[in-house]
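Step one of this worksheet: look at the structure below.
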Amino acid sequence: MKKFICVLAAVSLLFGVASCGNRGNDLSKAKKVSEDETWWNDSITKITADEINGELNEPSYQLLTKCCAADEDSFVVSFMVMSQNIRNNEILRHYSYKGELLGQVNIGAFFGYKEDYYATNAVYKKNDSYYALLRHVDEEQERQVYTIYEIDFKEGKLKNPVTFELPSDVNKQAEINTMVEAGGKTVCQFDYFDKNWQAVRGICVIDGDKHKTVYPDFGNDVKLEYISNLSSSGDAATFIAAVNENGLEKTLFCTLDVNTYDITSVKSDHSIMDANFVEGCGVFDISDWRTVAKIDPSTGGRNTLVDLSDTFISGQYVLGTQIAWASDDKVVLLAEDYALCGTPATNIILLEKAKTNPNAGKAVLTIASLDEMTNQEYCAVNDFNRNSDKFFIKTDYKYYDMANEGWKSQEGSDEYDHGIITSFEADTATVLMSDIREGKGPDLVIYSNEYGQLNNTDYLVDLTKRIASEKRLNSGEYMSFVTQPNGRDGNHYRLNYGFMFDGCIVKSDLIGEGAAGLTFGQYEQIINESYGGVNVLPKDGSLRMKTLFTCSDYMSFDKSGKISLNNDGFRAMADYMASIPDNAKFDNLIDDKVDPVSCYVRNFSSYIYAYSQVYSDYSIVGLPSSDGHAETISGRGIGITSCCVLQDAAWSFVMKMMSPEVQSMSDMYDPVLLIAQKDYFKSFVSTYNAGVKAAGEGKMFPEKAVDAYIGQISDAVVVPDVDSSILVIMNEEMPAYYEGQKSFDEVCFIIENRVNLMLSERG
């Protein structure tokens, strides 16, 4: 075990700054972090899979963790290790919140790795001792045997076993899921299937020779789906119930009085997966991944306890996070590292409220994203903040939240209307542009090629000179598109540090040798002759048009800046969209088979999972277009806003995203630094193959697929960014042509007039 301090080389903060000196930093206008701003110091202990595997002398392919029996100073972490040869492979470890290992019990080793299966169903603390409820599968008698052991962490063993059975009025097939001590009584939660195979869930309160079995009943129209988070709170046991009321899924926070056996409950909008009852502390959740909040079980209200922006771990740990302990001045999390492949490390994160803010006096930069920020981006921000002695980056969620309303407004729908989503995104960009002009926008903006309206010196700084002055950017170490301008005016507004590709993956013998892409006619021929007429483009018409339009350059501008769409390329796209019948069949992407053509793969990880075994038989080519050009690059990058008064500091962060340390991080977007790209792809394959070997099943990824993928995307082309507001207008006007209500020329005329008026009003 080793202490983990999220620190990348401090020199990376200076990467690219030397050429700019201190010009562009007006500290007199910058906001400073004040001493009295809330801050939470962190202590992080990383526990790797290799460390746990070392206890078993056996490689694992999966590691499941759970925290339990927490008190003010320590807790127990259960590591359930999935390996090929060892059946009883659970390890219980007792940790202080500072990460000190206070003792452990290897369950498998204790029982001698016998064939009989032992599993820990519950760990709890009574007085000053720890206990474990173990389930033993007696295969000879075909029954489950439950035994309570006292845990001796110092000696590494279990002792004083006591057989435990549920009272006779409980179905003999019932399985005990968890157990706690509340009000001096033993409380256990169980479930079983009745003769009609309906799940029955109950709670048993045991006091010596007496017992009471309770089956939670929340009304005739309410079906109990499952129970979780059984905890103790004084003379009560608390739990969370997931219920279905007249077809609607709801969450109930419940309290069971262990003396009267009465259950009180309150409905909440929070997910049962996010809430945690912390014994002696209350109910907490981390559902938005930005805050740790305390929930009032009587009202369901949510009050922020920790804003994770007031830490050095903001947004960094979003998978498998459990709240182990929470109070007004101390919060403990058990969280996994982000990983697209392999077994992630587990982190014990202790957050303690600071008396003064250690960042006091630093000049503040704000960063905003129009899409959800990635783990890589959060890690880079956190590391910048840890290591910079002059600047501090704060994340502004305003614009992402606005854009995300397009998705949230359709929650529960069978299919999303991407026209609505694009409209929300365009409106968000308009608000961002207005804020920048008024001098109240962020300093840095993360965005992609769907927000071309930002590529204007009214909103973003032209980075052309800065990029040209960076020797490393121009040394051939990065993909060539990185240094290509993304503005239609020839300026460079966004430095891309990651990318996906947009294209089709087609069985090679269905296309001509050396073909870079597909024309609309060639695409139709392939899907009709080789895929039963199934269309692999998006089913939603708005998304389908957006996909085709953003991957080709169908717009032109005259000298006065007016747009024109009336060209052969756009006409070909419009004609293809109009030709798709209402009853067309679309690929549902659910099956695991490799289809003769697809277009849902956009990065290395999805490519290697889908095509690793057949990579030599398939080619990556461009999406259907009028000229059959190659696949296109969809870059993700960052721009500096025109209202930023700390442009040199902002540039240092932009260049940090290009550093080898950040480029090597696991992320959905492929790296643009060539050496980091290849190393990351090889590491991905190696990590996956190690898991396959440990599991003893599955097919390994061939290493040659890495070079095949890199070679396949080497001919990718770059098209200009698209203004999402133009897409909104097209979504409103193009259906008139598809449905035969207006001619192509009429629709183009209307779209061009509306777009040109919008551009004129922008100034």
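Chain labels A, B, ... are given in the sequence in which chains occur in the structure tokens; within each chain residues are numbered consecutively from 1, and ligands are likewise numbered from 1 in the order shown.
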Original post:
Quick one: residues within 8 Å of Asn486 of chain A, only C-alpha atoms counted, chain neighbours fewer than 3 positions away excluded, as a PyMOL selection string?
Top reply: chain A and resi 455+490-494+720-721
**OP:** List every residue of segment 494-586 of chain A that DSSP, applied to the backbone, labels as strand (DSSP E or B), and write the result as a VMD selection string.
**Re:** chain A and resid 495 to 502 504 to 507 519 535 556 to 557 563 to 564 586
Those selected residues, please, written with all heavy atoms and delivered as a short mmCIF file (atom, residue, chain, number, x, y, z; two decimals), in the first residue's frame.
```cif
data_model
loop_
_atom_site.label_atom_id
_atom_site.label_comp_id
_atom_site.auth_asym_id
_atom_site.auth_seq_id
_atom_site.Cartn_x
_atom_site.Cartn_y
_atom_site.Cartn_z
N LEU A 495 -7.45 24.79 -29.14
CA LEU A 495 -6.35 23.84 -29.25
C LEU A 495 -6.88 22.47 -28.83
O LEU A 495 -7.27 22.27 -27.66
CB LEU A 495 -5.17 24.25 -28.37
CG LEU A 495 -3.91 23.38 -28.54
CD1 LEU A 495 -3.40 23.44 -29.98
CD2 LEU A 495 -2.81 23.83 -27.58
N ASN A 496 -6.91 21.53 -29.76
CA ASN A 496 -7.48 20.21 -29.50
C ASN A 496 -6.46 19.31 -28.80
O ASN A 496 -5.35 19.13 -29.28
CB ASN A 496 -7.91 19.56 -30.81
CG ASN A 496 -9.12 20.24 -31.42
OD1 ASN A 496 -10.16 20.37 -30.78
ND2 ASN A 496 -8.99 20.69 -32.66
N TYR A 497 -6.87 18.73 -27.69
CA TYR A 497 -6.01 17.79 -26.96
C TYR A 497 -6.55 16.37 -27.00
O TYR A 497 -5.93 15.44 -26.48
CB TYR A 497 -5.83 18.23 -25.50
CG TYR A 497 -7.11 18.63 -24.81
CD1 TYR A 497 -8.01 17.68 -24.35
CD2 TYR A 497 -7.44 19.97 -24.63
CE1 TYR A 497 -9.18 18.04 -23.72
CE2 TYR A 497 -8.60 20.35 -24.00
CZ TYR A 497 -9.47 19.39 -23.55
OH TYR A 497 -10.65 19.76 -22.94
N GLY A 498 -7.72 16.19 -27.59
CA GLY A 498 -8.30 14.86 -27.72
C GLY A 498 -9.18 14.81 -28.97
O GLY A 498 -9.54 15.85 -29.52
N PHE A 499 -9.51 13.63 -29.41
CA PHE A 499 -10.33 13.52 -30.60
C PHE A 499 -11.09 12.21 -30.63
O PHE A 499 -10.73 11.22 -29.98
CB PHE A 499 -9.46 13.63 -31.87
CG PHE A 499 -8.70 12.36 -32.20
CD1 PHE A 499 -9.18 11.46 -33.14
CD2 PHE A 499 -7.51 12.06 -31.55
CE1 PHE A 499 -8.49 10.28 -33.43
CE2 PHE A 499 -6.81 10.89 -31.83
CZ PHE A 499 -7.31 10.00 -32.79
N MET A 500 -12.15 12.21 -31.41
CA MET A 500 -12.83 11.01 -31.87
C MET A 500 -12.89 11.11 -33.39
O MET A 500 -12.58 12.15 -33.95
CB MET A 500 -14.23 10.89 -31.28
CG MET A 500 -14.27 10.62 -29.79
SD MET A 500 -15.97 10.31 -29.23
CE MET A 500 -15.69 10.03 -27.48
N PHE A 501 -13.25 10.02 -34.03
CA PHE A 501 -13.44 10.09 -35.48
C PHE A 501 -14.90 9.83 -35.81
O PHE A 501 -15.61 9.15 -35.06
CB PHE A 501 -12.53 9.10 -36.21
CG PHE A 501 -12.93 7.66 -36.06
CD1 PHE A 501 -13.84 7.08 -36.94
CD2 PHE A 501 -12.39 6.87 -35.05
CE1 PHE A 501 -14.23 5.75 -36.80
CE2 PHE A 501 -12.77 5.55 -34.90
CZ PHE A 501 -13.70 4.99 -35.78
N ASP A 502 -15.34 10.38 -36.90
CA ASP A 502 -16.69 10.11 -37.40
C ASP A 502 -16.55 9.39 -38.73
O ASP A 502 -15.98 9.94 -39.69
CB ASP A 502 -17.47 11.41 -37.58
CG ASP A 502 -17.85 12.03 -36.25
OD1 ASP A 502 -18.55 11.36 -35.47
OD2 ASP A 502 -17.44 13.18 -35.99
N CYS A 504 -17.56 5.33 -41.00
CA CYS A 504 -18.17 4.00 -41.06
C CYS A 504 -17.06 2.95 -40.98
O CYS A 504 -15.94 3.17 -41.45
CB CYS A 504 -18.91 3.81 -42.38
SG CYS A 504 -20.46 4.72 -42.52
N ILE A 505 -17.37 1.84 -40.35
CA ILE A 505 -16.48 0.68 -40.40
C ILE A 505 -17.17 -0.36 -41.28
O ILE A 505 -18.27 -0.82 -40.97
CB ILE A 505 -16.17 0.14 -39.00
CG1 ILE A 505 -15.53 1.23 -38.15
CG2 ILE A 505 -15.27 -1.08 -39.09
CD1 ILE A 505 -15.06 0.78 -36.79
N VAL A 506 -16.52 -0.69 -42.38
CA VAL A 506 -17.14 -1.49 -43.42
C VAL A 506 -16.28 -2.71 -43.72
O VAL A 506 -15.05 -2.63 -43.71
CB VAL A 506 -17.32 -0.66 -44.72
CG1 VAL A 506 -18.10 -1.46 -45.77
CG2 VAL A 506 -18.00 0.65 -44.44
N LYS A 507 -16.92 -3.81 -43.98
CA LYS A 507 -16.19 -5.00 -44.42
C LYS A 507 -15.44 -4.66 -45.71
O LYS A 507 -16.02 -4.16 -46.68
CB LYS A 507 -17.15 -6.15 -44.65
CG LYS A 507 -16.52 -7.53 -44.50
CD LYS A 507 -17.58 -8.61 -44.39
CE LYS A 507 -16.93 -9.95 -44.07
NZ LYS A 507 -15.94 -10.38 -45.06
N THR A 519 -19.93 7.39 -51.06
CA THR A 519 -20.95 8.31 -51.53
C THR A 519 -22.30 7.81 -51.02
O THR A 519 -22.41 6.68 -50.53
CB THR A 519 -20.97 8.39 -53.06
OG1 THR A 519 -21.34 7.10 -53.58
CG2 THR A 519 -19.60 8.80 -53.62
N ASN A 535 -30.41 0.52 -42.01
CA ASN A 535 -29.65 1.76 -42.02
C ASN A 535 -28.88 1.88 -40.71
O ASN A 535 -29.45 1.75 -39.63
CB ASN A 535 -30.60 2.96 -42.18
CG ASN A 535 -29.89 4.21 -42.67
OD1 ASN A 535 -28.77 4.49 -42.27
ND2 ASN A 535 -30.57 4.97 -43.52
N SER A 556 -20.70 27.69 -47.75
CA SER A 556 -19.70 28.62 -48.27
C SER A 556 -20.11 30.03 -47.90
O SER A 556 -21.29 30.30 -47.62
CB SER A 556 -19.57 28.48 -49.80
OG SER A 556 -20.81 28.80 -50.42
N PHE A 557 -19.14 30.92 -47.83
CA PHE A 557 -19.40 32.31 -47.46
C PHE A 557 -18.84 33.21 -48.56
O PHE A 557 -17.76 32.96 -49.10
CB PHE A 557 -18.72 32.65 -46.13
CG PHE A 557 -19.33 31.96 -44.95
CD1 PHE A 557 -18.99 30.65 -44.63
CD2 PHE A 557 -20.25 32.61 -44.14
CE1 PHE A 557 -19.55 30.01 -43.53
CE2 PHE A 557 -20.82 31.98 -43.05
CZ PHE A 557 -20.47 30.68 -42.74
N ILE A 563 -23.83 33.50 -45.92
CA ILE A 563 -23.75 32.05 -46.12
C ILE A 563 -24.49 31.63 -47.38
O ILE A 563 -25.48 32.25 -47.78
CB ILE A 563 -24.34 31.31 -44.89
CG1 ILE A 563 -24.13 29.80 -45.01
CG2 ILE A 563 -25.80 31.64 -44.72
CD1 ILE A 563 -24.65 29.02 -43.82
N SER A 564 -24.01 30.57 -48.00
CA SER A 564 -24.70 29.95 -49.13
C SER A 564 -24.70 28.44 -48.94
O SER A 564 -23.68 27.85 -48.59
CB SER A 564 -24.00 30.31 -50.45
OG SER A 564 -24.61 29.60 -51.53
N PHE A 586 -33.64 0.48 -38.85
CA PHE A 586 -32.40 1.04 -38.33
C PHE A 586 -31.75 0.04 -37.38
O PHE A 586 -32.43 -0.73 -36.70
CB PHE A 586 -32.65 2.36 -37.60
CG PHE A 586 -32.97 3.50 -38.53
CD1 PHE A 586 -34.28 3.75 -38.92
CD2 PHE A 586 -31.97 4.32 -39.02
CE1 PHE A 586 -34.58 4.79 -39.79
CE2 PHE A 586 -32.25 5.36 -39.87
CZ PHE A 586 -33.56 5.59 -40.27
#
```
**OP:** Can you pull out every residue within 10 Å of Trp40 of chain A, counting only C-alpha atoms, but drop anything in the same chain fewer than 6 positions away, and send it as a ChimeraX atom specification?
**Re:** /A:306-313,329-331,350-358
**OP:** Excluding Pro538 of chain A and any residue of its chain fewer than 2 positions from it, enumerate the residues within 9 Å of it, using only C-alpha atoms, and give them as a ChimeraX atom specification.
**Re:** /A:535-536,540-545,547,586-587,599-600
Subject >> Polymer residues at most 9 Å from Met734 of chain A, only C-alpha atoms, same-chain spacing of 4 or more positions, as a VMD selection string >> reply: chain A and resid 574 729 to 730 738 to 739 744 747 to 748 751
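Non-sequential neighbours of Ile420 of chain A (distance at most 12 Å, separation of 2 or more positions within a chain, only C-alpha atoms) are A:Ala403, A:Asn404, A:Glu405, A:Gly406, A:Trp407, A:Lys408, A:Ser409, A:Gln410, A:Glu415, A:Tyr416, A:Asp417, A:His418, A:Thr422, A:Ser423, A:Phe424, A:Glu425, A:Ala426, A:Asp427, A:Asp540, A:Gly541, A:Ser542, A:Leu543, A:Ser724, A:Ser725, A:Leu727, A:Val728, A:Ile729, A:Asn731, A:Glu732.
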Go ahead and save the picked residues with C-alpha atoms, as a PDB file, in the first residue's frame.
```
ATOM      1  CA  ALA A 403     -27.197  22.605 -22.392  1.00  0.00           C
ATOM      2  CA  ASN A 404     -27.990  19.437 -20.436  1.00  0.00           C
ATOM      3  CA  GLU A 405     -31.593  20.564 -19.918  1.00  0.00           C
ATOM      4  CA  GLY A 406     -32.243  19.352 -23.459  1.00  0.00           C
ATOM      5  CA  TRP A 407     -31.513  15.817 -22.304  1.00  0.00           C
ATOM      6  CA  LYS A 408     -33.185  16.147 -18.914  1.00  0.00           C
ATOM      7  CA  SER A 409     -36.385  17.500 -20.472  1.00  0.00           C
ATOM      8  CA  GLN A 410     -36.825  14.155 -22.228  1.00  0.00           C
ATOM      9  CA  GLU A 415     -36.406   7.947 -27.813  1.00  0.00           C
ATOM     10  CA  TYR A 416     -34.667  11.305 -27.628  1.00  0.00           C
ATOM     11  CA  ASP A 417     -35.572  14.150 -29.984  1.00  0.00           C
ATOM     12  CA  HIS A 418     -32.138  15.487 -30.884  1.00  0.00           C
ATOM     13  CA  THR A 422     -29.483  20.851 -30.391  1.00  0.00           C
ATOM     14  CA  SER A 423     -31.801  23.794 -29.682  1.00  0.00           C
ATOM     15  CA  PHE A 424     -30.799  23.818 -26.000  1.00  0.00           C
ATOM     16  CA  GLU A 425     -27.126  23.602 -26.975  1.00  0.00           C
ATOM     17  CA  ALA A 426     -27.437  26.522 -29.396  1.00  0.00           C
ATOM     18  CA  ASP A 427     -29.270  28.646 -26.827  1.00  0.00           C
ATOM     19  CA  ASP A 540     -33.543  10.244 -35.142  1.00  0.00           C
ATOM     20  CA  GLY A 541     -33.851  12.470 -38.203  1.00  0.00           C
ATOM     21  CA  SER A 542     -32.358  15.559 -36.544  1.00  0.00           C
ATOM     22  CA  LEU A 543     -29.341  13.623 -35.327  1.00  0.00           C
ATOM     23  CA  SER A 724     -25.216  24.785 -33.799  1.00  0.00           C
ATOM     24  CA  SER A 725     -27.643  27.682 -34.304  1.00  0.00           C
ATOM     25  CA  LEU A 727     -28.442  23.332 -37.271  1.00  0.00           C
ATOM     26  CA  VAL A 728     -31.495  24.543 -35.333  1.00  0.00           C
ATOM     27  CA  ILE A 729     -32.707  26.538 -38.338  1.00  0.00           C
ATOM     28  CA  ASN A 731     -34.046  21.296 -38.292  1.00  0.00           C
ATOM     29  CA  GLU A 732     -36.984  23.668 -38.575  1.00  0.00           C
TER      30      GLU A 732
END
```
Residues of segment 618-677 of chain A that approach segment 386-391 of chain A to 12 Å or less, counting only C-alpha atoms: could you list each one with the shortest pair of atoms and its distance in Å to one decimal, rows by chain and increasing residue number, as a tab-separated table?
```
residue	atom	partner	partner_atom	distance
A:Leu646	CA	A:Phe391	CA	9.3
A:Gln647	CA	A:Phe391	CA	11.7
A:Asp648	CA	A:Phe391	CA	10.9
A:Ala649	CA	A:Phe391	CA	7.4
A:Ala650	CA	A:Phe391	CA	9.3
A:Ser652	CA	A:Phe391	CA	10.4
A:Phe653	CA	A:Phe391	CA	10.1
A:Lys656	CA	A:Ser388	CA	12.0
```
Output of the above residues as a compact mmCIF listing (two decimals), in the first residue's frame, restricted to N, CA, C and O atoms:
```txt
# COMPACT_ATOMS: atom_id res chain seq x y z
N LEU A 646 -6.20 36.98 -17.61
CA LEU A 646 -5.02 36.20 -17.24
C LEU A 646 -4.68 35.24 -18.38
O LEU A 646 -4.63 34.02 -18.22
N GLN A 647 -4.44 35.80 -19.55
CA GLN A 647 -4.31 34.96 -20.73
C GLN A 647 -3.05 34.10 -20.72
O GLN A 647 -3.06 32.98 -21.22
N ASP A 648 -1.95 34.59 -20.15
CA ASP A 648 -0.76 33.75 -20.05
C ASP A 648 -0.98 32.57 -19.11
O ASP A 648 -0.56 31.45 -19.39
N ALA A 649 -1.65 32.83 -17.99
CA ALA A 649 -1.95 31.75 -17.05
C ALA A 649 -2.91 30.75 -17.69
O ALA A 649 -2.75 29.53 -17.54
N ALA A 650 -3.89 31.28 -18.42
CA ALA A 650 -4.83 30.40 -19.11
C ALA A 650 -4.11 29.54 -20.14
O ALA A 650 -4.38 28.34 -20.28
N SER A 652 -1.05 28.56 -20.03
CA SER A 652 -0.26 27.52 -19.35
C SER A 652 -1.11 26.30 -19.06
O SER A 652 -0.64 25.16 -19.13
N PHE A 653 -2.40 26.52 -18.76
CA PHE A 653 -3.27 25.37 -18.54
C PHE A 653 -3.60 24.69 -19.86
O PHE A 653 -3.66 23.45 -19.93
N LYS A 656 -0.88 22.54 -20.61
CA LYS A 656 -0.83 21.40 -19.68
C LYS A 656 -1.62 20.23 -20.26
O LYS A 656 -1.23 19.07 -20.11
```
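For the pair atom CA of Ser686 of chain A and atom CA of Ser60 of chain A, the interatomic distance is 14.4 Å.
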Original post:
Given the choices A:Val278, A:Ile227, A:Met433, A:Ala610, which gets closest to Cys254 of chain A if the distance is worked out from only C-alpha atoms?
Top reply: A:Ile227
**OP:** Could you give me, as an NGL selection string, the residues within 12 Å of Ala326 of chain A, counting only C-alpha atoms and dropping anything in the same chain fewer than 6 positions from it?
**Re:** :A and (70-73 or 97 or 276-286 or 292-295 or 304-306 or 332-333 or 349-353)
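In this comparison, which uses only C-alpha atoms, the residue of A:Val187, A:Leu463, A:Val722, A:Leu224 approaching Ala199 of chain A most closely is A:Leu224.
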